[in-house]
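Student: Quick one: structure below, then a few questions.
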Amino acid sequence: MINDQAPDALPVRDAAPSVTGSTVGRIAVGLLVLAFAGVTGLFAPLLVMASDSCTEEDARTICSASAQQIVGGLPVGAAFVAALLAVVGMGSRGTAGWACLMAAPFVLVVAWVVSLGIAGA
């Protein structure tokens with residue numbers, strides 16, 4: 001006896017989301033930003049060494065203690081913020097993720113420009 005009222009087997013579905021070009025691109029850009037943040041955090045504070053030739057009569061901006069603290073601390077803080085933005089950008093989908101990934105290099109470039117401006121003045 002055949003039971004015609006038996007339910008059909010449910011279709012098998014692959015629930016895993018496919019990796020799209022946008023996801024791969026977001027991760028690649030995020031890794032580049034993380035590398036830039038690492039380089040900034042490691043090497044930009046070395047711009048403080050521009051004050052090695054300072055004397056007591058020197059009026060350059062880098063010769064003040066506050067400017068040296070800015071040049072030493074700003075890149076480290078910017079690298080930390082940019083790394084956080086990069087991680088959030090890699091993990092988020094849509095416009096918010098890309099906005100974080102575009103804001104991170106901007107933060108790093110501003111830190112470099114300010115540090116180089118103070119060290120070179």
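Ligands are numbered from 1 in the order shown, chains are lettered A, B, ... in the order of the structure tokens, and residues start at 1 in each chain.
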Skipping near chain neighbours, those fewer than 2 positions away, what residues fall within 12 Å of A:Ala67 using only C-alpha atoms, listed as a PyMOL selection string?
Tutor: chain A and resi 45+47-51+59-65+69-74+114-121
Student: Mind the document's chain letters and residue numbers, and return as number ranges by chain the residues of stretch 21-69 of chain A that DSSP labels helix (DSSP H, G or I).
Tutor: A: 21-53, 61-63, 65-69
Student: Counting only C-alpha atoms, which of A:Ala28, A:Phe106, A:Leu84, A:Ala111 gets nearest to A:Gly41?
Tutor: A:Ala111
Student: Distance atom CA of A:Ala96-atom CA of A:Ala78, one decimal place?
Tutor: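 It comes out at 19.6 Å.
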Student: Which of these residues is nearest to A:Leu101, using only C-alpha atoms: A:Thr55, A:Ala44, A:Gly25, A:Gly30?
Tutor: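 Ranking A:Thr55, A:Ala44, A:Gly25, A:Gly30 by distance to A:Leu101, first place goes to A:Gly30.
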Student: Quick one: residues within 9 Å of A:Thr40, only C-alpha atoms counted, chain neighbours fewer than 2 positions away excluded, as number ranges by chain?
Tutor: A: 35-38, 42-45, 75-76, 78-79, 108, 111-112
Student: With all heavy atoms retained, write the just-selected residues as an mmCIF file, in the first residue's frame.
Tutor:
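To be explicit, this is the file written out as out_9.cif:
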```cif
data_model
loop_
_atom_site.group_PDB
_atom_site.id
_atom_site.type_symbol
_atom_site.label_atom_id
_atom_site.label_comp_id
_atom_site.auth_asym_id
_atom_site.auth_seq_id
_atom_site.Cartn_x
_atom_site.Cartn_y
_atom_site.Cartn_z
ATOM 1 N N ALA A 35 48.044 47.392 7.744
ATOM 2 C CA ALA A 35 49.492 47.493 7.523
ATOM 3 C C ALA A 35 49.946 48.948 7.603
ATOM 4 O O ALA A 35 50.981 49.250 8.220
ATOM 5 C CB ALA A 35 49.856 46.892 6.166
ATOM 6 N N PHE A 36 49.191 49.858 7.005
ATOM 7 C CA PHE A 36 49.512 51.284 7.057
ATOM 8 C C PHE A 36 49.456 51.789 8.497
ATOM 9 O O PHE A 36 50.300 52.582 8.928
ATOM 10 C CB PHE A 36 48.557 52.051 6.149
ATOM 11 C CG PHE A 36 48.842 53.516 5.995
ATOM 12 C CD1 PHE A 36 50.123 54.035 6.115
ATOM 13 C CD2 PHE A 36 47.812 54.396 5.689
ATOM 14 C CE1 PHE A 36 50.377 55.388 5.948
ATOM 15 C CE2 PHE A 36 48.049 55.748 5.518
ATOM 16 C CZ PHE A 36 49.332 56.239 5.651
ATOM 17 N N ALA A 37 48.478 51.313 9.269
ATOM 18 C CA ALA A 37 48.380 51.701 10.681
ATOM 19 C C ALA A 37 49.583 51.185 11.473
ATOM 20 O O ALA A 37 50.115 51.885 12.335
ATOM 21 C CB ALA A 37 47.079 51.176 11.283
ATOM 22 N N GLY A 38 50.016 49.976 11.165
ATOM 23 C CA GLY A 38 51.184 49.429 11.853
ATOM 24 C C GLY A 38 52.445 50.218 11.552
ATOM 25 O O GLY A 38 53.235 50.525 12.455
ATOM 26 N N LEU A 42 54.522 52.487 14.332
ATOM 27 C CA LEU A 42 55.909 52.143 14.642
ATOM 28 C C LEU A 42 56.908 53.241 14.274
ATOM 29 O O LEU A 42 57.846 53.503 15.019
ATOM 30 C CB LEU A 42 56.301 50.850 13.919
ATOM 31 C CG LEU A 42 55.684 49.572 14.457
ATOM 32 C CD1 LEU A 42 56.050 48.400 13.556
ATOM 33 C CD2 LEU A 42 56.154 49.309 15.865
ATOM 34 N N PHE A 43 56.716 53.868 13.121
ATOM 35 C CA PHE A 43 57.760 54.752 12.608
ATOM 36 C C PHE A 43 57.465 56.244 12.718
ATOM 37 O O PHE A 43 58.402 57.037 12.808
ATOM 38 C CB PHE A 43 58.071 54.394 11.151
ATOM 39 C CG PHE A 43 58.657 53.026 11.015
ATOM 40 C CD1 PHE A 43 57.957 52.026 10.367
ATOM 41 C CD2 PHE A 43 59.885 52.716 11.560
ATOM 42 C CE1 PHE A 43 58.483 50.754 10.254
ATOM 43 C CE2 PHE A 43 60.417 51.443 11.463
ATOM 44 C CZ PHE A 43 59.714 50.462 10.803
ATOM 45 N N ALA A 44 56.224 56.673 12.697
ATOM 46 C CA ALA A 44 55.933 58.098 12.768
ATOM 47 C C ALA A 44 56.372 58.735 14.081
ATOM 48 O O ALA A 44 56.823 59.886 14.073
ATOM 49 C CB ALA A 44 54.457 58.352 12.506
ATOM 50 N N PRO A 45 56.297 58.055 15.233
ATOM 51 C CA PRO A 45 56.797 58.688 16.453
ATOM 52 C C PRO A 45 58.300 58.989 16.417
ATOM 53 O O PRO A 45 58.788 59.802 17.200
ATOM 54 C CB PRO A 45 56.466 57.670 17.549
ATOM 55 C CG PRO A 45 55.313 56.920 17.023
ATOM 56 C CD PRO A 45 55.559 56.823 15.540
ATOM 57 N N PRO A 75 50.634 59.961 16.218
ATOM 58 C CA PRO A 75 50.608 58.808 15.304
ATOM 59 C C PRO A 75 50.202 57.499 15.978
ATOM 60 O O PRO A 75 49.542 56.663 15.362
ATOM 61 C CB PRO A 75 52.044 58.715 14.785
ATOM 62 C CG PRO A 75 52.630 60.049 15.033
ATOM 63 C CD PRO A 75 51.948 60.591 16.239
ATOM 64 N N VAL A 76 50.574 57.334 17.226
ATOM 65 C CA VAL A 76 50.206 56.101 17.939
ATOM 66 C C VAL A 76 48.695 56.055 18.149
ATOM 67 O O VAL A 76 48.042 55.030 17.917
ATOM 68 C CB VAL A 76 50.969 55.995 19.277
ATOM 69 C CG1 VAL A 76 50.489 54.804 20.085
ATOM 70 C CG2 VAL A 76 52.464 55.919 19.034
ATOM 71 N N ALA A 78 46.444 57.711 16.382
ATOM 72 C CA ALA A 78 45.807 57.589 15.068
ATOM 73 C C ALA A 78 45.884 56.154 14.552
ATOM 74 O O ALA A 78 44.935 55.657 13.934
ATOM 75 C CB ALA A 78 46.465 58.547 14.077
ATOM 76 N N ALA A 79 47.010 55.487 14.795
ATOM 77 C CA ALA A 79 47.154 54.096 14.356
ATOM 78 C C ALA A 79 46.154 53.200 15.080
ATOM 79 O O ALA A 79 45.558 52.304 14.475
ATOM 80 C CB ALA A 79 48.582 53.611 14.596
ATOM 81 N N LEU A 108 45.011 58.356 9.357
ATOM 82 C CA LEU A 108 46.457 58.138 9.318
ATOM 83 C C LEU A 108 47.182 59.233 8.545
ATOM 84 O O LEU A 108 48.245 59.711 8.974
ATOM 85 C CB LEU A 108 46.756 56.768 8.710
ATOM 86 C CG LEU A 108 46.274 55.575 9.520
ATOM 87 C CD1 LEU A 108 46.438 54.299 8.722
ATOM 88 C CD2 LEU A 108 47.006 55.485 10.839
ATOM 89 N N ALA A 111 47.407 62.354 10.622
ATOM 90 C CA ALA A 111 48.445 62.222 11.653
ATOM 91 C C ALA A 111 49.829 62.433 11.061
ATOM 92 O O ALA A 111 50.682 63.103 11.662
ATOM 93 C CB ALA A 111 48.351 60.855 12.320
ATOM 94 N N TRP A 112 50.086 61.858 9.877
ATOM 95 C CA TRP A 112 51.385 62.048 9.219
ATOM 96 C C TRP A 112 51.606 63.512 8.852
ATOM 97 O O TRP A 112 52.697 64.061 9.059
ATOM 98 C CB TRP A 112 51.484 61.182 7.964
ATOM 99 C CG TRP A 112 51.972 59.797 8.226
ATOM 100 C CD1 TRP A 112 51.206 58.664 8.280
ATOM 101 C CD2 TRP A 112 53.315 59.378 8.475
ATOM 102 N NE1 TRP A 112 52.000 57.579 8.538
ATOM 103 C CE2 TRP A 112 53.289 57.984 8.655
ATOM 104 C CE3 TRP A 112 54.529 60.039 8.565
ATOM 105 C CZ2 TRP A 112 54.442 57.249 8.917
ATOM 106 C CZ3 TRP A 112 55.673 59.316 8.828
ATOM 107 C CH2 TRP A 112 55.619 57.933 9.001
#
```
Student: Quick one, how far is atom CA of A:Val107 from atom CA of A:Val33?
Tutor: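 It comes out at 10.6 Å.
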Student: How many Å separate atom CA of A:Ala82 from atom CA of A:Val113?
Tutor: 15.2 Å
Student: Counting only C-alpha atoms, figure out which residue out of A:Cys100, A:Val24, A:Cys54, A:Val109 gets nearest to A:Val39.
Tutor: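 Comparing A:Cys100, A:Val24, A:Cys54, A:Val109 against A:Val39, the winner is A:Val109.
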Student: Compare A:Val81, A:Ser53, A:Gly91, A:Ala86 by their minimum atom-to-atom distance to A:Thr23, counting only C-alpha atoms, and give me the closest one.
Tutor: A:Gly91
